[in-house]
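Below: model_23.cif (mmCIF, C-alpha atoms)
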data_coords
loop_
_atom_site.label_atom_id
_atom_site.label_comp_id
_atom_site.auth_asym_id
_atom_site.auth_seq_id
_atom_site.Cartn_x
_atom_site.Cartn_y
_atom_site.Cartn_z
CA MET A 1 -11.84 12.91 3.01
CA SER A 2 -8.83 12.15 5.18
CA ASP A 3 -10.99 11.23 8.18
CA ALA A 4 -13.10 8.90 6.07
CA TRP A 5 -9.97 7.30 4.63
CA ASP A 6 -8.48 6.82 8.11
CA ARG A 7 -11.71 5.23 9.34
CA LEU A 8 -11.77 2.89 6.34
CA ILE A 9 -8.16 1.82 6.87
CA THR A 10 -8.80 1.29 10.59
CA GLU A 11 -11.83 -0.89 9.82
CA MET A 12 -9.86 -2.93 7.30
CA ILE A 13 -7.06 -3.45 9.83
CA ARG A 14 -9.70 -4.63 12.34
CA GLN A 15 -11.02 -7.13 9.80
CA MET A 16 -7.52 -8.37 8.98
CA ILE A 17 -6.72 -8.79 12.68
CA ARG A 18 -9.99 -10.69 13.22
CA GLU A 19 -9.03 -13.15 10.50
CA PHE A 20 -5.56 -13.69 11.94
CA ILE A 21 -6.79 -14.03 15.53
CA SER A 22 -9.24 -16.74 14.39
CA ARG A 23 -6.31 -18.54 12.70
CA PRO A 24 -3.24 -17.95 14.89
CA ALA A 25 0.20 -18.24 13.29
CA GLU A 26 -1.30 -18.92 9.85
CA LEU A 27 0.15 -17.43 6.69
CA LEU A 28 -2.59 -16.23 4.36
CA THR A 29 -2.32 -15.13 0.76
CA PHE A 30 -3.55 -11.64 0.06
CA GLY A 31 -6.14 -13.16 -2.28
CA LEU A 32 -7.58 -15.43 0.42
CA LEU A 33 -7.51 -12.64 2.98
CA ALA A 34 -9.29 -10.34 0.51
CA HIS A 35 -11.94 -12.99 -0.09
CA ARG A 36 -12.52 -13.51 3.63
CA THR A 37 -12.74 -9.80 4.41
CA GLY A 38 -14.61 -8.74 1.27
CA SER A 39 -11.79 -6.40 0.25
CA ASP A 40 -9.34 -5.94 -2.58
CA ARG A 41 -6.02 -7.78 -2.31
CA ASP A 42 -3.99 -4.79 -3.50
CA VAL A 43 -5.59 -2.53 -0.89
CA LEU A 44 -4.86 -5.07 1.83
CA HIS A 45 -1.27 -5.33 0.61
CA ALA A 46 -0.89 -1.55 0.77
CA ILE A 47 -2.30 -1.47 4.30
CA ALA A 48 0.00 -4.28 5.43
CA GLU A 49 2.95 -2.41 3.87
CA GLN A 50 2.03 0.71 5.87
CA ARG A 51 1.66 -1.21 9.13
CA ARG A 52 4.91 -3.19 9.27
CA ASP A 53 4.56 -3.11 13.06
CA LEU A 54 1.50 -5.39 12.82
CA PHE A 55 1.92 -7.46 9.68
CA LEU A 56 4.74 -9.58 8.30
CA ILE A 57 4.85 -9.87 4.51
CA THR A 58 6.90 -12.67 2.99
CA ALA A 59 9.79 -11.86 0.68
CA ASP A 60 7.82 -12.84 -2.41
CA ASP A 61 4.97 -10.45 -1.39
CA ARG A 62 2.48 -13.30 -1.58
CA PHE A 63 1.73 -14.18 2.03
CA VAL A 64 0.99 -12.12 5.11
CA LYS A 65 0.62 -12.90 8.80
CA LEU A 66 0.26 -11.08 12.08
CA PHE A 67 3.50 -10.49 13.98
CA PRO A 68 3.72 -12.46 17.23
CA GLU A 69 4.58 -9.18 19.00
CA ALA A 70 1.41 -7.65 17.58
CA VAL A 71 -0.65 -10.57 18.90
CA GLN A 72 0.89 -10.04 22.31
CA ARG A 73 0.11 -6.31 22.18
CA ILE A 74 -3.49 -7.08 21.16
CA ILE A 75 -3.88 -9.45 24.10
CA GLU A 76 -2.34 -6.99 26.56
CA THR A 77 -3.88 -3.71 25.41
CA GLY A 78 -6.73 -4.63 23.07
CA VAL A 79 -7.28 -4.30 19.35
CA GLU A 80 -8.25 -0.63 19.31
CA ARG A 81 -5.23 0.55 21.26
CA THR A 82 -2.88 -1.62 19.19
CA ILE A 83 -4.28 -0.19 15.96
CA ALA A 84 -4.05 3.37 17.25
CA GLU A 85 -0.48 2.98 18.52
CA VAL A 86 1.80 2.83 15.49
CA ARG A 87 5.23 1.56 16.49
CA PRO A 88 8.43 1.70 14.47
CA SER A 89 8.88 -1.32 12.26
CA THR A 90 11.40 -3.89 13.43
CA SER A 91 10.77 -6.32 10.59
CA SER A 92 13.87 -5.55 8.54
CA ALA A 93 16.22 -6.02 11.50
CA GLN A 94 14.64 -9.23 12.77
CA PHE A 95 13.57 -10.74 9.45
CA PRO A 96 16.00 -9.97 6.66
CA ARG A 97 14.72 -10.32 3.13
CA GLU A 98 15.47 -13.64 1.49
CA TYR A 99 16.58 -12.04 -1.76
CA SER A 100 19.68 -10.04 -2.39
CA ALA A 101 19.63 -6.45 -3.54
CA CYS A 102 19.22 -5.88 -7.25
CA GLU A 103 22.51 -5.15 -8.97
CA HIS A 104 20.87 -3.55 -12.00
CA PHE A 105 20.47 -0.18 -10.26
CA SER A 106 23.34 1.83 -8.86
CA ALA A 107 21.36 3.47 -6.04
CA ASP A 108 17.89 4.17 -4.70
CA ALA A 109 18.21 7.72 -6.05
CA GLU A 110 18.34 6.32 -9.59
CA ILE A 111 15.15 4.33 -9.00
CA LEU A 112 13.43 7.33 -7.43
CA ARG A 113 14.37 9.51 -10.41
CA ASP A 114 13.01 6.91 -12.83
CA LEU A 115 9.83 6.62 -10.73
CA LEU A 116 9.25 10.36 -10.84
CA GLN A 117 9.90 10.51 -14.60
CA CYS A 118 8.15 7.20 -15.38
CA SER A 119 11.22 6.23 -17.40
CA PHE A 120 12.18 2.62 -16.65
CA SER A 121 13.62 0.36 -19.31
CA PRO A 122 11.50 -2.64 -20.30
CA GLU A 123 14.10 -4.95 -18.76
CA SER A 124 13.84 -3.16 -15.41
CA LEU A 125 10.08 -3.57 -15.34
CA THR A 126 10.12 -7.27 -16.22
CA ARG A 127 12.98 -8.50 -14.02
CA SER A 128 11.74 -9.74 -10.67
CA CYS A 129 14.73 -8.40 -8.72
CA CYS A 130 14.34 -4.93 -10.28
CA TRP A 131 10.60 -4.83 -9.67
CA LYS A 132 11.10 -5.65 -5.98
CA GLN A 133 13.56 -2.77 -5.65
CA ILE A 134 11.23 -0.41 -7.51
CA CYS A 135 8.36 -1.34 -5.18
CA ARG A 136 10.56 -0.93 -2.10
CA VAL A 137 11.73 2.54 -3.15
CA ARG A 138 8.16 3.52 -4.04
CA ALA A 139 6.97 2.39 -0.58
CA ASP A 140 9.75 4.39 1.06
CA HIS A 141 8.81 7.52 -0.94
CA CYS A 142 5.09 7.02 -1.55
CA GLU A 143 4.29 10.68 -0.89
CA ALA A 144 6.66 11.76 -3.68
CA ILE A 145 5.15 9.50 -6.36
CA ASP A 146 1.60 10.35 -7.37
CA GLY A 147 -0.94 7.61 -7.92
CA GLU A 148 -1.35 8.22 -11.64
CA THR A 149 2.37 7.82 -12.31
CA TRP A 150 2.43 4.59 -10.30
CA LYS A 151 -0.62 3.26 -12.18
CA GLU A 152 1.08 4.04 -15.49
CA ILE A 153 4.26 2.21 -14.46
CA CYS A 154 2.19 -0.81 -13.35
CA ARG A 155 0.19 -0.71 -16.60
CA ILE A 156 3.39 -0.68 -18.68
CA ARG A 157 4.80 -3.56 -16.63
CA GLY A 158 1.61 -5.57 -17.10
CA TYR A 159 1.71 -4.97 -20.84
CA LEU A 160 5.36 -6.02 -21.06
CA LEU A 161 4.77 -9.18 -19.02
CA ALA A 162 1.73 -10.11 -21.12
CA ARG A 163 3.74 -9.53 -24.30
CA GLN A 164 6.51 -11.81 -23.01
CA ASN A 165 4.05 -14.61 -22.40
CA PRO A 166 0.95 -14.05 -24.56
CA ARG A 167 -0.57 -17.44 -23.72
CA GLY A 168 -0.61 -16.67 -19.99
CA PHE A 169 1.61 -19.44 -18.59
#

Using structure tokens, write down the structure that the file contains.
Amino acid sequence: MSDAWDRLITEMIRQMIREFISRPAELLTFGLLAHRTGSDRDVLHAIAEQRRDLFLITADDRFVKLFPEAVQRIIETGVERTIAEVRPSTSSAQFPREYSACEHFSADAEILRDLLQCSFSPESLTRSCCWKQICRVRADHCEAIDGETWKEICRIRGYLLARQNPRGF
């Protein structure tokens, strides 16, 4: 299963790179990229999150583009070698987030505890600043949070957001 998953991720990265190479320096939404590659936008977002050495995600998590350094590596060493060689991410040092840290949580440990127990307050799940921090901590500790717990948290958030705005705008 792991080999098949790795092959699938590698193929999706190839497709993403192909799209960006055909449109250099262009920011694409995950929805448009998913449409062009025949993939799911959430899967592409997860892959881009894992490969911060290749992809730059905007602060609002809406747009993605290929890092200029990644383009240079692709030109110098080729796509296959660039995909195989995972480098440490330099995105946070070079491109600081445009939003400030959420002041509603005291520490990442508090968020991690709430993630593991699936025990966020409704306000935490509906505030944009809190949700960004929750997603960041989840990405940093993705092996600790099982998929079912994360799906449940997302489902609760979706329900709360729909309840806040039942007409959808």

To verify the selection step, state as a JSON list (two decimals) with C-alpha atoms, in the coordinates of the input which residues the PyMOL selection byres ((chain A and resi 26) around 12) yields on this input.
[["chain", "number", "residue", "atom", "x", "y", "z"],
["A", 17, "ILE", "CA", -6.72, -8.79, 12.68],
["A", 19, "GLU", "CA", -9.03, -13.15, 10.50],
["A", 20, "PHE", "CA", -5.56, -13.69, 11.94],
["A", 21, "ILE", "CA", -6.79, -14.03, 15.53],
["A", 22, "SER", "CA", -9.24, -16.74, 14.39],
["A", 23, "ARG", "CA", -6.31, -18.54, 12.70],
["A", 24, "PRO", "CA", -3.24, -17.95, 14.89],
["A", 25, "ALA", "CA", 0.20, -18.24, 13.29],
["A", 27, "LEU", "CA", 0.15, -17.43, 6.69],
["A", 28, "LEU", "CA", -2.59, -16.23, 4.36],
["A", 29, "THR", "CA", -2.32, -15.13, 0.76],
["A", 32, "LEU", "CA", -7.58, -15.43, 0.42],
["A", 33, "LEU", "CA", -7.51, -12.64, 2.98],
["A", 55, "PHE", "CA", 1.92, -7.46, 9.68],
["A", 56, "LEU", "CA", 4.74, -9.58, 8.30],
["A", 63, "PHE", "CA", 1.73, -14.18, 2.03],
["A", 64, "VAL", "CA", 0.99, -12.12, 5.11],
["A", 65, "LYS", "CA", 0.62, -12.90, 8.80],
["A", 66, "LEU", "CA", 0.26, -11.08, 12.08],
["A", 67, "PHE", "CA", 3.50, -10.49, 13.98],
["A", 68, "PRO", "CA", 3.72, -12.46, 17.23]]

Can you pull out every residue within 10 Å of Ala144 of chain A, counting all atoms listed in the file, but drop anything in the same chain fewer than 3 positions away, and send it as an MDAnalysis selection string? chainID A and resid 112 115:116 138:141 147

I'd like the neighbourhood of Gln164 of chain A as a PyMOL selection string, where a residue qualifies if any of its atoms comes within 12 Å (using only C-alpha atoms), though same-chain residues fewer than 6 positions away should be ignored. chain A and resi 122-123+125-127+157-158

What would the file look like if the residues just selected were written as a compact mmCIF listing (two decimals), in the frame of the given file with C-alpha atoms?
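Generated output (selection_2.txt):
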# COMPACT_ATOMS: atom_id res chain seq x y z
CA PRO A 122 11.50 -2.64 -20.30
CA GLU A 123 14.10 -4.95 -18.76
CA LEU A 125 10.08 -3.57 -15.34
CA THR A 126 10.12 -7.27 -16.22
CA ARG A 127 12.98 -8.50 -14.02
CA ARG A 157 4.80 -3.56 -16.63
CA GLY A 158 1.61 -5.57 -17.10

Tell me, in Å to one decimal, how far atom CA of Ile134 of chain A is from atom CA of Val86 of chain A.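 Separation of atom CA of Ile134 of chain A and atom CA of Val86 of chain A: 25.1 Å.
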
Expansion of the PyMOL selection byres ((chain A and resi 105-107) around 12) into residues, as a PDB file with C-alpha atoms, in the frame of the given file:
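Result saved to part_16.pdb:
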ATOM      1  CA  ALA A 101      19.630  -6.450  -3.540  1.00  0.00           C
ATOM      2  CA  CYS A 102      19.220  -5.880  -7.250  1.00  0.00           C
ATOM      3  CA  GLU A 103      22.510  -5.150  -8.970  1.00  0.00           C
ATOM      4  CA  HIS A 104      20.870  -3.550 -12.000  1.00  0.00           C
ATOM      5  CA  ASP A 108      17.890   4.170  -4.700  1.00  0.00           C
ATOM      6  CA  ALA A 109      18.210   7.720  -6.050  1.00  0.00           C
ATOM      7  CA  GLU A 110      18.340   6.320  -9.590  1.00  0.00           C
ATOM      8  CA  ILE A 111      15.150   4.330  -9.000  1.00  0.00           C
ATOM      9  CA  LEU A 112      13.430   7.330  -7.430  1.00  0.00           C
ATOM     10  CA  ARG A 113      14.370   9.510 -10.410  1.00  0.00           C
ATOM     11  CA  ASP A 114      13.010   6.910 -12.830  1.00  0.00           C
ATOM     12  CA  PHE A 120      12.180   2.620 -16.650  1.00  0.00           C
ATOM     13  CA  SER A 121      13.620   0.360 -19.310  1.00  0.00           C
ATOM     14  CA  GLU A 123      14.100  -4.950 -18.760  1.00  0.00           C
ATOM     15  CA  SER A 124      13.840  -3.160 -15.410  1.00  0.00           C
ATOM     16  CA  ARG A 127      12.980  -8.500 -14.020  1.00  0.00           C
ATOM     17  CA  CYS A 129      14.730  -8.400  -8.720  1.00  0.00           C
ATOM     18  CA  CYS A 130      14.340  -4.930 -10.280  1.00  0.00           C
ATOM     19  CA  TRP A 131      10.600  -4.830  -9.670  1.00  0.00           C
ATOM     20  CA  LYS A 132      11.100  -5.650  -5.980  1.00  0.00           C
ATOM     21  CA  GLN A 133      13.560  -2.770  -5.650  1.00  0.00           C
ATOM     22  CA  ILE A 134      11.230  -0.410  -7.510  1.00  0.00           C
ATOM     23  CA  VAL A 137      11.730   2.540  -3.150  1.00  0.00           C
TER      24      VAL A 137
END

Quick one: pull the distance between atom CA of Gln15 of chain A and atom CA of Thr37 of chain A, Å, one decimal.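 Distance between the two atoms: 6.3 Å.
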
Considering only C-alpha atoms, return as a PDB file with C-alpha atoms, keeping the file's coordinate frame whatever protein or nucleic-acid residues lie within 8 Å of segment 43-48 of chain A, sequence-local ones (same chain, fewer than 3 positions apart) excluded.
ATOM      1  CA  ILE A   9      -8.160   1.820   6.870  1.00  0.00           C
ATOM      2  CA  MET A  12      -9.860  -2.930   7.300  1.00  0.00           C
ATOM      3  CA  ILE A  13      -7.060  -3.450   9.830  1.00  0.00           C
ATOM      4  CA  PHE A  30      -3.550 -11.640   0.060  1.00  0.00           C
ATOM      5  CA  ALA A  34      -9.290 -10.340   0.510  1.00  0.00           C
ATOM      6  CA  SER A  39     -11.790  -6.400   0.250  1.00  0.00           C
ATOM      7  CA  ASP A  40      -9.340  -5.940  -2.580  1.00  0.00           C
ATOM      8  CA  ARG A  51       1.660  -1.210   9.130  1.00  0.00           C
ATOM      9  CA  ARG A  52       4.910  -3.190   9.270  1.00  0.00           C
ATOM     10  CA  LEU A  54       1.500  -5.390  12.820  1.00  0.00           C
ATOM     11  CA  PHE A  55       1.920  -7.460   9.680  1.00  0.00           C
ATOM     12  CA  LEU A  56       4.740  -9.580   8.300  1.00  0.00           C
ATOM     13  CA  ILE A  57       4.850  -9.870   4.510  1.00  0.00           C
ATOM     14  CA  VAL A  64       0.990 -12.120   5.110  1.00  0.00           C
TER      15      VAL A  64
END

Please report the interatomic distance between atom CA of Thr82 of chain A and atom CA of Arg18 of chain A in Å with one decimal.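 Computed distance, atom CA of Thr82 of chain A to atom CA of Arg18 of chain A, equals 13.0 Å.
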
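Summary of the local environment: counting all atoms listed in the file, residues at most 8 Å from Cys118 of chain A, other than itself and those fewer than 4 positions away along its chain, are Asp114, Thr149, Glu152 and Ile153 of chain A.
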
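The smallest atom-to-atom distance between Arg7 of chain A and any of A:Thr58, A:Glu143, A:Gln72, A:Ala84, using only C-alpha atoms, is found for A:Ala84.
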
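Distances to Gly78 of chain A were evaluated for A:Arg14, A:Ser128, A:Asn165, A:Arg41 using all atoms listed in the file, and the minimum falls at A:Arg14.
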
Axis-aligned box for all listed atoms of segment 23-35 of chain A, 4 Å per side, centre and edges in Å to one decimal, as lines of an AutoDock Vina configuration file:
center_x = -5.9
center_y = -14.6
center_z = 6.3
size_x = 20.1
size_y = 16.6
size_z = 25.2

Kindly indicate which residue among A:Arg81, A:Arg62, A:Arg163, A:Arg73 lies nearest to Gly31 of chain A, using only C-alpha atoms for the distances. A:Arg62
